[in-house]
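Asker: Have a look at this one.
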Amino acid sequence: MPIRVKVRNAETGSTVDMEMENENTMDEIVRGAASFWNKNPGAYVLRRGKRLLRGSQTVLEVGLKDADELELIPDPEGGYRAPPQ
Amino acid sequence: MRGPSIVADQQANIRDLPPPARERTRAHKWLSERRLAEFKAKEKEGIELYLSKLAEEKIRNHALAHVRDRREVMGLLLGGIYRHDGTEYALVRDVATTDLDATDVSVRFDPRAFEKLFVQLDEIGFRYIIVGWYHSHPSYHCFMSSTDVQTQRTLFNLRAHSALVIDPVNKEIEAFFLDDGRVRSRPFAVFWDQFQSPYYGTSVRMRQTEVIVSGEMLEPDDAGNEERSGLRNDA
């Protein structure tokens, strides 16, 4: 029986509803949502409330339930290399 | 087993909201002469980035706290994207950060500290949009490095998204955005809420009028003086 959760794009406020099975992983959720919004999945993390949902964890392991709300959070990197020419 | 599938989507609406009134905005005090001139020109046609006094102070204090150890700092800009009179603009109301994995030339969130960031996001008190990010270049001036540009292209590629770079050593600050893939400087204004003028106090606390000396509580007289003169100095 698939469950349906909402994933929010924190950079725009847009949301998608996703259906998934217990065996699906958090990585797959991130990839699916990031692909929909033309984003690089490697640059984001997924959260439910204050909890970080780690990539290889499954829906069952995380305990996702119908109507849960997840959020895609950017994971930026900054730093000085050299001024762009 | 098939992967998760998207069965519905909802685009966020950009609300029409007048930007902060001009009398409640200022250019940042760390702008260079050139950036100040750009700010004044942009003010006439419509500012696209407003930074609350609260967010500005948090960013500046965060960067200043790591001047001595020369560590870069970083965080997320939280607010909303609005439109008014044909101009789209971002309003940064607050910022969030967490423990960092930083050197003098690089910075990112400590992967073990995301949950601390999420607690802040949950306690922020409004439905935020992450409208950009800030980070510091301690003593390297404000520009977008190749790493910064890559981050902007990957994560913050909407026109309304901004990257705020602060150099706490040289006291410089500058915002950037992507314009058709090219990095450009973005003039921004600092604003304060109607009842939070930076030129007045933002909090009012009850003045302590009771003085306890040697276990004896003294009541002020009608003029507000303690009944025994000189006791305040003695206390």
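Following the order of the structure tokens, first chain is A, next is B, and so on, with residues numbered from 1 inside each chain and ligands from 1 in the order they appear.
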I'd like the contact shell of Ser145 (chain B) - 12 Å cut-off, only C-alpha atoms, skipping same-chain residues fewer than 3 positions apart - returned as a list of chain:residue names.

Answerer: A:Glu77, A:Gly78, A:Gly79, A:Tyr80, A:Arg81, A:Ala82, A:Pro83, A:Pro84, A:Gln85, B:Val105, B:Ser106, B:His135, B:Ser136, B:His137, B:Tyr140, B:His141, B:Cys142, B:Asp148, B:Val149, B:Gln150, B:Thr151, B:Gln152, B:Ala163, B:Val165, B:Phe176, B:Val183

Asker: Could you give me, as a list of chain:residue names, the residues within 8 Å of Val59 (chain A), counting only C-alpha atoms and dropping anything in the same chain fewer than 6 positions from it?

Answerer: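 In the requested form, the answer reads A:Met20, A:Glu21, A:Asn22, A:Glu23, A:Asn24, A:Thr25, A:Met26.
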
Asker: Write out as a ChimeraX atom specification all residues of chain A that DSSP puts in strand (DSSP E or B) for this structure's backbone.

Answerer: /A:3-9,15-20,25,44-48,51-53,58,69-74,77-79

Asker: Need the shell around Lys65 (chain A): protein/DNA/RNA residues with any atom at most 8 Å away, counting only C-alpha atoms. Skip same-chain ones fewer than 6 positions apart. Format as number ranges by chain?

Answerer: A: 3-5

Asker: Restricting the calculation to only C-alpha atoms, which member of B:Phe191, B:Trp30, B:Tyr50, B:Phe109 is positioned closest to chain A?

Answerer: B:Phe109

Asker: For each of A:Glu61, A:Asp27, A:Asp75, A:Asp68, take the minimum atom-to-atom distance to Ala43 (chain A), counting only C-alpha atoms, then give the residue where this is smallest.

Answerer: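 Closest residue, counting only C-alpha atoms: A:Asp75.
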
Asker: Record the distance separating CA of Trp37 (chain A) and CA of Phe126 (chain B), expressed in Å with one decimal.

Answerer: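 About the pair CA of Trp37 (chain A) and CA of Phe126 (chain B): they are 23.6 Å apart.
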
Asker: For Ile29 (chain A), find every residue with an atom within 12 Å (counting only C-alpha atoms), except residues of its own chain fewer than 5 positions away, and show them as a PyMOL selection string.

Answerer: (chain A and resi 4-8+16-24+34-36+41+44-47+53-59+64+70-72) or (chain B and resi 2-6)

Asker: Quote the spacing between CA of Arg35 (chain B) and CA of Glu56 (chain B) in Å to one decimal place.

Answerer: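 Result for CA of Arg35 (chain B) versus CA of Glu56 (chain B): 16.9 Å, one decimal.
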
Asker: For Arg68 (chain B), list every protein, DNA or RNA residue within 10 Å, evaluated using only C-alpha atoms, and leave out those in the same chain fewer than 3 positions away; present the list as a PyMOL selection string.

Answerer: chain B and resi 64-65+71+138+169

Asker: Dump all heavy atoms for the selected residues as a tab-separated table (two decimals), in the first residue's frame?

Answerer:
chain	number	residue	atom	x	y	z
B	64	LEU	N	31.91	38.85	12.58
B	64	LEU	CA	32.86	39.52	13.48
B	64	LEU	C	33.37	38.57	14.57
B	64	LEU	O	34.50	38.69	15.03
B	64	LEU	CB	32.20	40.74	14.13
B	64	LEU	CG	32.07	41.97	13.22
B	64	LEU	CD1	31.15	43.02	13.86
B	64	LEU	CD2	33.43	42.58	12.91
B	65	ALA	N	32.53	37.63	14.96
B	65	ALA	CA	32.93	36.69	16.02
B	65	ALA	C	34.09	35.80	15.59
B	65	ALA	O	34.74	35.19	16.43
B	65	ALA	CB	31.73	35.84	16.42
B	71	ARG	N	38.10	32.40	10.54
B	71	ARG	CA	37.25	31.36	9.97
B	71	ARG	C	36.11	32.00	9.18
B	71	ARG	O	35.55	32.99	9.61
B	71	ARG	CB	36.63	30.49	11.08
B	71	ARG	CG	37.64	29.68	11.86
B	71	ARG	CD	38.14	28.52	11.02
B	71	ARG	NE	39.26	27.87	11.68
B	71	ARG	CZ	39.14	26.78	12.44
B	71	ARG	NH1	37.97	26.25	12.65
B	71	ARG	NH2	40.20	26.24	12.99
B	138	PRO	N	36.85	36.56	5.35
B	138	PRO	CA	37.60	37.38	6.31
B	138	PRO	C	38.91	37.89	5.73
B	138	PRO	O	39.85	37.12	5.59
B	138	PRO	CB	37.83	36.43	7.49
B	138	PRO	CG	37.57	35.06	6.98
B	138	PRO	CD	36.71	35.16	5.78
B	169	VAL	N	36.79	42.03	8.24
B	169	VAL	CA	38.09	42.65	8.51
B	169	VAL	C	38.17	44.01	7.82
B	169	VAL	O	38.52	45.02	8.44
B	169	VAL	CB	39.25	41.73	8.04
B	169	VAL	CG1	40.59	42.41	8.22
B	169	VAL	CG2	39.19	40.40	8.79

Asker: Taking into account only C-alpha atoms, which residue in the set B:Ser32, B:Gln10, B:Ser185, B:Thr97 is nearest to chain A?

Answerer: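 The answer is B:Gln10, which sits nearest to chain A.
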
Asker: Among the residues of region 6-182 of chain B, find those DSSP assigns to helix (DSSP H, G or I) from the backbone and print them as a PyMOL selection string.

Answerer: chain B and resi 22-24+33-45+53-64+111-122+146-155

Asker: Measuring between only C-alpha atoms, which one of B:Lys42, B:Arg159, B:Lys29, B:Arg186 shows the shortest distance to chain A?

Answerer: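 Counting only C-alpha atoms, the residue closest to chain A is B:Arg159.
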
Asker: Rounded to one decimal, what separation in Å do you get between CA of Leu155 (chain B) and CA of Leu31 (chain B)?

Answerer: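 That distance, rounded to one decimal, is 26.0 Å.
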
Asker: Go through A:Pro76, A:Arg51, A:Gly32, A:Ser14 and flag the residue nearest Gln11 (chain B), using only C-alpha atoms for the distances.

Answerer: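 Selected residue with least distance to Gln11 (chain B): A:Ser14.
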